[in-house]
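Trainee: Just passing along the structure, written as structure tokens.
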Amino acid sequence: MANIKMWVDGSAEPNPGPGGWGVVAILDNGEEKRVGDSLEHVTNNQAELVACLKGIQLFTRPGDKVEIYSDSKYVIGVASKGWKAKKNRDLIEAVIKESMGRSITYVYVPSEANPADPLSRMWL
């Protein structure tokens with residue numbers, strides 16, 4: 001079992017439109033991994049969900065204890081608080097499925113966070 005911290009983010013400009021996602025993960029051994037990619041046509045919420053999903057898929061295993069930091073109240077709500085969503089159900093279900101067997105805590109980080117704050121490393 002590993003302890004992993006991840007900062008996830010996604011966006012589209014315009015919304016909807018071309019976008020991207022990114023993940024910064026601090027692994028159990030202190031190693032930092034960064035990954036991200038572009039997306040052709042998405043909404044901001046879809047890009048945020050893709051970032052969360054990719055982070056879980058790429059950097060965690062069942063049994064891991066994971067902290068996911070996000071500026072998306074939407075992702076935190078649908079992934080951990082049982083919020084009902086009319087859209088993006090496929091992505092939400094994928095995040096929930098990938099989360100099974102892992103102890104995941106979601107932490108809200110305002111997008112206006114102070115770049116000097118270590119919890120805001122994603123937005124540097």
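By convention here, the chains of the structure tokens are called A, B, ... in the order presented, each chain's residues are numbered starting at 1, and ligands are numbered starting at 1 in the order presented.
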Need the shell around Gly63 in chain A: protein/DNA/RNA residues with any atom at most 12 Å away, counting only C-alpha atoms. Skip same-chain ones fewer than 3 positions apart. Format as a list in words?
Mentor: Met1, Ala2, Asn3, Ile4, Thr60, Val66, Glu98, Ser99, Met100, Gly101, Arg102, Ser103 and Ile104 of chain A
Trainee: Could you dump the residues just selected with N, CA and C atoms as an mmCIF file, in the first residue's frame?
Mentor:
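Output file out_24.cif is given in full below:
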data_model
loop_
_atom_site.group_PDB
_atom_site.id
_atom_site.type_symbol
_atom_site.label_atom_id
_atom_site.label_comp_id
_atom_site.auth_asym_id
_atom_site.auth_seq_id
_atom_site.Cartn_x
_atom_site.Cartn_y
_atom_site.Cartn_z
ATOM 1 N N MET A 1 0.842 -1.180 0.000
ATOM 2 C CA MET A 1 0.000 0.000 0.000
ATOM 3 C C MET A 1 0.886 1.243 0.000
ATOM 4 N N ALA A 2 0.590 2.164 -0.886
ATOM 5 C CA ALA A 2 1.354 3.396 -0.999
ATOM 6 C C ALA A 2 0.490 4.584 -0.606
ATOM 7 N N ASN A 3 1.156 5.654 -0.203
ATOM 8 C CA ASN A 3 0.498 6.931 0.059
ATOM 9 C C ASN A 3 0.863 7.864 -1.084
ATOM 10 N N ILE A 4 -0.135 8.328 -1.817
ATOM 11 C CA ILE A 4 0.089 9.126 -3.019
ATOM 12 C C ILE A 4 -0.706 10.414 -2.921
ATOM 13 N N THR A 60 -1.980 4.936 -9.317
ATOM 14 C CA THR A 60 -2.452 4.259 -8.112
ATOM 15 C C THR A 60 -2.756 2.789 -8.388
ATOM 16 N N VAL A 66 -4.832 7.608 -1.219
ATOM 17 C CA VAL A 66 -4.627 8.663 -2.207
ATOM 18 C C VAL A 66 -5.306 9.948 -1.758
ATOM 19 N N GLU A 98 -12.640 3.126 -11.148
ATOM 20 C CA GLU A 98 -11.184 3.111 -10.923
ATOM 21 C C GLU A 98 -10.834 3.390 -9.461
ATOM 22 N N SER A 99 -11.712 4.069 -8.747
ATOM 23 C CA SER A 99 -11.464 4.403 -7.343
ATOM 24 C C SER A 99 -11.655 3.207 -6.411
ATOM 25 N N MET A 100 -12.374 2.201 -6.871
ATOM 26 C CA MET A 100 -12.679 1.049 -6.016
ATOM 27 C C MET A 100 -11.391 0.370 -5.544
ATOM 28 N N GLY A 101 -11.375 0.035 -4.279
ATOM 29 C CA GLY A 101 -10.222 -0.632 -3.698
ATOM 30 C C GLY A 101 -9.133 0.321 -3.244
ATOM 31 N N ARG A 102 -9.349 1.593 -3.455
ATOM 32 C CA ARG A 102 -8.387 2.607 -3.035
ATOM 33 C C ARG A 102 -9.068 3.499 -1.997
ATOM 34 N N SER A 103 -8.290 4.002 -1.078
ATOM 35 C CA SER A 103 -8.804 4.962 -0.106
ATOM 36 C C SER A 103 -8.487 6.349 -0.647
ATOM 37 N N ILE A 104 -9.498 7.006 -1.229
ATOM 38 C CA ILE A 104 -9.272 8.304 -1.874
ATOM 39 C C ILE A 104 -9.965 9.407 -1.093
#
Trainee: When you draw a straight line from CA of Leu49 in chain A to CA of Val24 in chain A, how long is it in Å?
Mentor: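 About the pair CA of Leu49 in chain A and CA of Val24 in chain A: they are 14.7 Å apart.
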Trainee: If you run DSSP over the backbone, which residues in chain A end up strand (DSSP E)? Put them as an MDAnalysis selection string.
Mentor: chainID A and resid 3:12 17:26 32:42 65:70 103:108
Trainee: For range 36-38 of chain A, find every residue with an atom within 6 Å (counting only C-alpha atoms), except residues of its own chain fewer than 2 positions away, and show them as a list of chain:residue names.
Mentor: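 Skipping anything fewer than 2 positions along the chain leaves A:Gly19, A:Gly20, A:Trp21, A:Gly22.
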Trainee: Skipping near chain neighbours, those fewer than 2 positions away, what residues fall within 9 Å of Cys52 in chain A using only C-alpha atoms, listed as a CSV table (one decimal) with N, CA and C atoms, in the first residue's frame?
Mentor:
chain,number,residue,atom,x,y,z
A,6,MET,N,-1.9,13.7,-5.3
A,6,MET,CA,-2.1,14.1,-6.7
A,6,MET,C,-2.8,15.4,-6.8
A,7,TRP,N,-2.3,16.2,-7.7
A,7,TRP,CA,-3.0,17.5,-8.1
A,7,TRP,C,-3.5,17.3,-9.5
A,8,VAL,N,-4.8,17.5,-9.7
A,8,VAL,CA,-5.4,17.3,-11.0
A,8,VAL,C,-6.0,18.6,-11.5
A,9,ASP,N,-6.0,18.8,-12.8
A,9,ASP,CA,-6.6,20.0,-13.4
A,9,ASP,C,-7.0,19.7,-14.9
A,10,GLY,N,-8.0,20.4,-15.3
A,10,GLY,CA,-8.4,20.3,-16.7
A,10,GLY,C,-9.2,21.5,-17.1
A,21,TRP,N,-5.7,18.4,-20.0
A,21,TRP,CA,-5.7,17.9,-18.6
A,21,TRP,C,-4.3,17.7,-18.2
A,22,GLY,N,-4.1,17.7,-16.8
A,22,GLY,CA,-2.8,17.5,-16.3
A,22,GLY,C,-2.8,16.9,-14.9
A,23,VAL,N,-1.8,16.2,-14.5
A,23,VAL,CA,-1.7,15.6,-13.2
A,23,VAL,C,-0.3,15.7,-12.7
A,47,ALA,N,-12.9,17.8,-19.0
A,47,ALA,CA,-11.5,17.8,-18.9
A,47,ALA,C,-11.0,17.6,-17.4
A,48,GLU,N,-11.7,18.2,-16.5
A,48,GLU,CA,-11.4,17.9,-15.0
A,48,GLU,C,-11.6,16.4,-14.7
A,49,LEU,N,-12.7,15.8,-15.2
A,49,LEU,CA,-12.9,14.4,-14.9
A,49,LEU,C,-11.8,13.5,-15.5
A,50,VAL,N,-11.4,13.9,-16.8
A,50,VAL,CA,-10.4,13.1,-17.4
A,50,VAL,C,-9.1,13.2,-16.6
A,54,LYS,N,-7.3,9.8,-15.3
A,54,LYS,CA,-6.0,9.5,-15.7
A,54,LYS,C,-5.0,9.4,-14.5
A,55,GLY,N,-5.1,10.3,-13.6
A,55,GLY,CA,-4.3,10.2,-12.4
A,55,GLY,C,-4.5,8.9,-11.6
A,56,ILE,N,-5.7,8.6,-11.4
A,56,ILE,CA,-6.0,7.3,-10.7
A,56,ILE,C,-5.5,6.1,-11.5
A,57,GLN,N,-5.7,6.1,-12.8
A,57,GLN,CA,-5.3,5.0,-13.6
A,57,GLN,C,-3.8,4.8,-13.7
A,68,ILE,N,-6.4,13.5,-3.5
A,68,ILE,CA,-6.5,14.2,-4.8
A,68,ILE,C,-6.9,15.6,-4.5
A,70,SER,N,-7.9,19.2,-6.1
A,70,SER,CA,-8.6,19.7,-7.3
A,70,SER,C,-9.2,21.0,-7.0
A,75,VAL,N,-16.0,17.9,-9.7
A,75,VAL,CA,-15.4,16.6,-9.7
A,75,VAL,C,-15.4,16.0,-8.2
A,95,VAL,N,-14.5,7.1,-13.2
A,95,VAL,CA,-13.7,7.6,-12.0
A,95,VAL,C,-14.1,6.7,-10.8
